[in-house]
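K.L.:
Input: one structure, supplied below.
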Amino acid sequence: MAEPAVKEHMQVLCMDDDEIVVRTFQRLLVSYHLSVKTTLDPTEGLKLLDTYTFDVIICDMRMLQMDGADFFAQTRNIAPDVHRVLLTGYADIDSTISAVNKGKIHAYIQKPWQNELLIRTVNDGIEKTALKRKNKQLEKQIKAQNNQLKELNNNLEQMVEKRTQQIRKVLKQLETVNEREKHEHRATFEILYNFINANPYLDGTQAQNIAATCKQLATRLGLDNQLIEMTEMAGYLSQIGLLAMEPELYKKPTKELTETQRKLFYTHPSTAQLMLMPAPHLSDVSEAIYYQFEHYNWTG
């Protein structure tokens with residue numbers, strides 16, 4: 001669908017069937033450096049609203065072709081955000097009430113007006129209209145970003161599910177083959193490590209370095225041999241969750257990722273835990289991988 005044409009912006013539309021009043025408005029507002037369009041005819045005023053974008057409309061209540069209440073009622077369909085100011089020379093409460101109910105006016109000024117009050121009312125209306133438009137623009141941007149994020153999450157969920165199913169299938173085959181040796185983690189661990197090492201965008205050497213560091217820390221902490229071995233395995237497999245993600249998320253440093261990409265990247269430990277769930281004898285390794293980004297003192 002084609003984008004609507006952008007209308008030229010004008011700040012104020014003034015309408016009165018008295019030509020002297022219209023000219024007076026023109027001179028006053030221009031002297032305050034405001035852009036103005038004027039007309040004596042309400043029908044012409046509606047056409048101007050189709051051609052220009054206004055911030056404020058000032059309209060007289062009593063006109064021959066159409067009163068201000070009816071005019072403002074029609075402008076609400078054409079320019080709902082514009083600030084509507086009623087100008088009246090009559091102390092007629094019924095007319096004002098009609099304008100409020102039908103035209104939803106925001107302010108009214110009585111003739112003869114005070115220039116200072118009129119300019120203050122116009123500037124206030126310009127500011128409020130600008131805020132309305134800005135809010136709508138921000139809402140539109142937020143909606144578009146939310147839709148993009150939703151689509152990204154949906155695609156990610158499908159991708160993770162597909163690749164998780166593939167790895168689960170391999171794990172299931174490993175479980176069947178090694179049923180008699182399910183307490184001997186080494187065979188399963190080596191095959192999973194080979195998955196990492198075979199990926200062209202992951203560095204098996206980095207996994208080895210992580211594993212060596214984990215083993216040293218576990219040893220210095222005085223853990224028993226079983227926990228030391230488990231910690232070393234967790235280090236080797238710490239990147240297994242990345243296999244379920246697009247290479248764009250891990251083939252370059254995290255500092256070069258967008259904020260959204262970084263958030264997705266740091267979900268790989270939970271993805272790894274999901275992948276390893278079918279292998280209960282790797283539950284301790286899976287839990288260690290899951291908490292790999294936790295601070296050592298559990299503060300976040």
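Please note that chains go A, B, ... in the order of the structure tokens, that every chain numbers its residues from 1, and that ligands are numbered from 1 in the order shown.
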Could you pull out the strand (DSSP E) residues of region 9-255 of chain A, going by DSSP on the backbone, and write them as a PyMOL selection string?
P.N.:
chain A and resi 9+12-15+36-39+52-53+56-60+83-88+107-110
K.L.:
What's around region 287-296 of chain A at 7 Å? Count only C-alpha atoms, leave out sequence neighbours fewer than 4 positions away in its own chain, and write the answer as JSON, numbers by chain.
P.N.:
{"A": [234, 238, 269, 270, 273, 283, 300]}
K.L.:
Save the residues we just selected, N, CA, C and O atoms, as a compact mmCIF listing (two decimals), in the first residue's frame?
P.N.:
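Generated output (result.txt):
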# COMPACT_ATOMS: atom_id res chain seq x y z
N ALA A 234 31.96 -29.81 32.00
CA ALA A 234 31.10 -28.63 31.79
C ALA A 234 31.85 -27.55 31.02
O ALA A 234 31.28 -26.86 30.16
N SER A 238 30.65 -26.06 27.47
CA SER A 238 30.00 -24.80 27.82
C SER A 238 29.38 -24.09 26.62
O SER A 238 28.46 -23.29 26.77
N PRO A 269 23.16 -20.90 27.47
CA PRO A 269 23.26 -21.88 28.56
C PRO A 269 21.93 -22.59 28.84
O PRO A 269 21.90 -23.80 29.09
N SER A 270 20.81 -21.83 28.81
CA SER A 270 19.51 -22.47 29.05
C SER A 270 19.14 -23.39 27.89
O SER A 270 18.51 -24.43 28.08
N GLN A 273 20.97 -26.62 28.47
CA GLN A 273 20.30 -27.45 29.48
C GLN A 273 19.13 -28.20 28.87
O GLN A 273 18.91 -29.38 29.18
N SER A 283 23.18 -34.61 34.05
CA SER A 283 22.41 -33.55 34.70
C SER A 283 23.30 -32.58 35.47
O SER A 283 23.07 -31.36 35.46
N GLY A 300 24.18 -12.44 40.75
CA GLY A 300 23.48 -12.13 39.49
C GLY A 300 24.26 -12.60 38.28
O GLY A 300 25.39 -13.08 38.41
K.L.:
For region 217-274 of chain A against region 139-154 of chain A, with a cut-off of 12 Å and counting only C-alpha atoms, what is the closest atom pair and its distance in Å to one decimal for every residue that makes the cut, ordered by chain and number, as a Markdown table?
P.N.:
| residue | atom | partner | partner_atom | distance |
| --- | --- | --- | --- | --- |
| A:Glu246 | CA | A:Leu152 | CA | 11.9 |
| A:Glu259 | CA | A:Leu149 | CA | 11.8 |
| A:Thr260 | CA | A:Leu149 | CA | 8.5 |
| A:Gln261 | CA | A:Leu152 | CA | 10.2 |
| A:Lys263 | CA | A:Asn153 | CA | 11.2 |
| A:Leu264 | CA | A:Asn153 | CA | 9.1 |
K.L.:
Write out, as JSON lines, each residue of region 20-91 of chain A that has an atom at most 8 Å from region 105-122 of chain A, together with the closest pair of atoms and their distance in Å to one decimal, counting only C-alpha atoms, rows going by chain and rising number.
P.N.:
{"residue": "A:Leu28", "atom": "CA", "partner": "A:Asn115", "partner_atom": "CA", "distance": 7.8}
{"residue": "A:Leu29", "atom": "CA", "partner": "A:Ile119", "partner_atom": "CA", "distance": 7.5}
{"residue": "A:Val56", "atom": "CA", "partner": "A:Val122", "partner_atom": "CA", "distance": 6.6}
{"residue": "A:Phe72", "atom": "CA", "partner": "A:Ile105", "partner_atom": "CA", "distance": 7.4}
{"residue": "A:His83", "atom": "CA", "partner": "A:His106", "partner_atom": "CA", "distance": 6.4}
{"residue": "A:Arg84", "atom": "CA", "partner": "A:Ile105", "partner_atom": "CA", "distance": 5.0}
{"residue": "A:Val85", "atom": "CA", "partner": "A:Ala107", "partner_atom": "CA", "distance": 4.8}
{"residue": "A:Leu86", "atom": "CA", "partner": "A:Tyr108", "partner_atom": "CA", "distance": 4.3}
{"residue": "A:Leu87", "atom": "CA", "partner": "A:Ile109", "partner_atom": "CA", "distance": 5.0}
{"residue": "A:Thr88", "atom": "CA", "partner": "A:Gln110", "partner_atom": "CA", "distance": 5.0}
{"residue": "A:Gly89", "atom": "CA", "partner": "A:Lys111", "partner_atom": "CA", "distance": 4.5}
{"residue": "A:Tyr90", "atom": "CA", "partner": "A:Gln110", "partner_atom": "CA", "distance": 7.5}
K.L.:
Counting only C-alpha atoms, figure out which residue out of A:Leu221, A:Ile240, A:Ile126, A:Ala211 gets nearest to Leu276 (chain A).
P.N.:
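Selected residue with least distance to Leu276 (chain A): A:Ile240.
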K.L.:
When distances are computed from only C-alpha atoms, which of A:Asn77, A:Asn155, A:Thr24, A:Ser35 shows the smallest separation from Leu49 (chain A)?
P.N.:
A:Asn77
K.L.:
Separation of CA of Asp124 (chain A) and CA of Gln11 (chain A), in Å?
P.N.:
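That distance, rounded to one decimal, is 11.7 Å.
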K.L.:
Go through A:Glu127, A:Leu192, A:Tyr266, A:Lys47 and flag the residue nearest Thr254 (chain A), using only C-alpha atoms for the distances.
P.N.:
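Smallest separation from Thr254 (chain A) among the options: A:Tyr266.
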K.L.:
Find the distance between CA of Gly68 (chain A) and CA of Asp17 (chain A) and write it in Å to one decimal.
P.N.:
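For CA of Gly68 (chain A) relative to CA of Asp17 (chain A), the distance reads 11.0 Å.
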K.L.:
Can you pull out the residues contacting Glu161 (chain A)? Cut-off 9 Å, using only C-alpha atoms, and skip same-chain residues under 5 positions away; I want them as a list in words.
P.N.:
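The contact residues come out as Leu156, Gln166 and Ala244 of chain A.
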K.L.:
So that I can check the surroundings of Ile20 (chain A), please list as a ChimeraX atom specification every protein, DNA and RNA residue that reaches within 12 Å of it, counting only C-alpha atoms and ignoring chain neighbours fewer than 4 positions away.
P.N.:
/A:15-16,24-27,38-40
K.L.:
Go ahead and write the selection's residues with C-alpha atoms as an mmCIF file, in the first residue's frame.
P.N.:
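Saved file selection29.cif follows:
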data_model
loop_
_atom_site.group_PDB
_atom_site.id
_atom_site.type_symbol
_atom_site.label_atom_id
_atom_site.label_comp_id
_atom_site.auth_asym_id
_atom_site.auth_seq_id
_atom_site.Cartn_x
_atom_site.Cartn_y
_atom_site.Cartn_z
ATOM 1 C CA MET A 15 -11.793 31.353 10.004
ATOM 2 C CA ASP A 16 -14.366 34.124 10.375
ATOM 3 C CA THR A 24 -6.456 41.289 12.033
ATOM 4 C CA PHE A 25 -5.715 37.669 12.938
ATOM 5 C CA GLN A 26 -3.322 37.388 10.017
ATOM 6 C CA ARG A 27 -1.294 40.459 11.040
ATOM 7 C CA THR A 38 -7.156 32.283 6.729
ATOM 8 C CA THR A 39 -10.551 31.924 5.090
ATOM 9 C CA LEU A 40 -14.035 33.489 5.216
#
K.L.:
A:Ile210, A:Asp81, A:Asn225, A:Thr43: which is nearest Asp67 (chain A), counting only C-alpha atoms?
P.N.:
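Looking at the shortest contact to Asp67 (chain A), the residue is A:Thr43.
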K.L.:
Using only C-alpha atoms, find the one residue out of A:Leu223, A:Tyr236, A:Thr164, A:Ala212 that sits nearest to Met275 (chain A).
P.N.:
A:Thr164
K.L.:
Looking only at the backbone, which of the residues in region 109-213 of chain A does DSSP tag as alpha helix (DSSP H), as a VMD selection string?
P.N.:
chain A and resid 115 to 177 185 to 198 204 to 213
K.L.:
Smallest atom-to-atom distance to Gln208 (chain A): which of A:Leu13, A:Leu237, A:Ile191, A:Val36, using only C-alpha atoms?
P.N.:
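Using only C-alpha atoms, Gln208 (chain A) sits closest to A:Leu237.
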K.L.:
Mind pulling up the distance from CA of Leu282 (chain A) to CA of Gln216 (chain A)?
P.N.:
20.7 Å
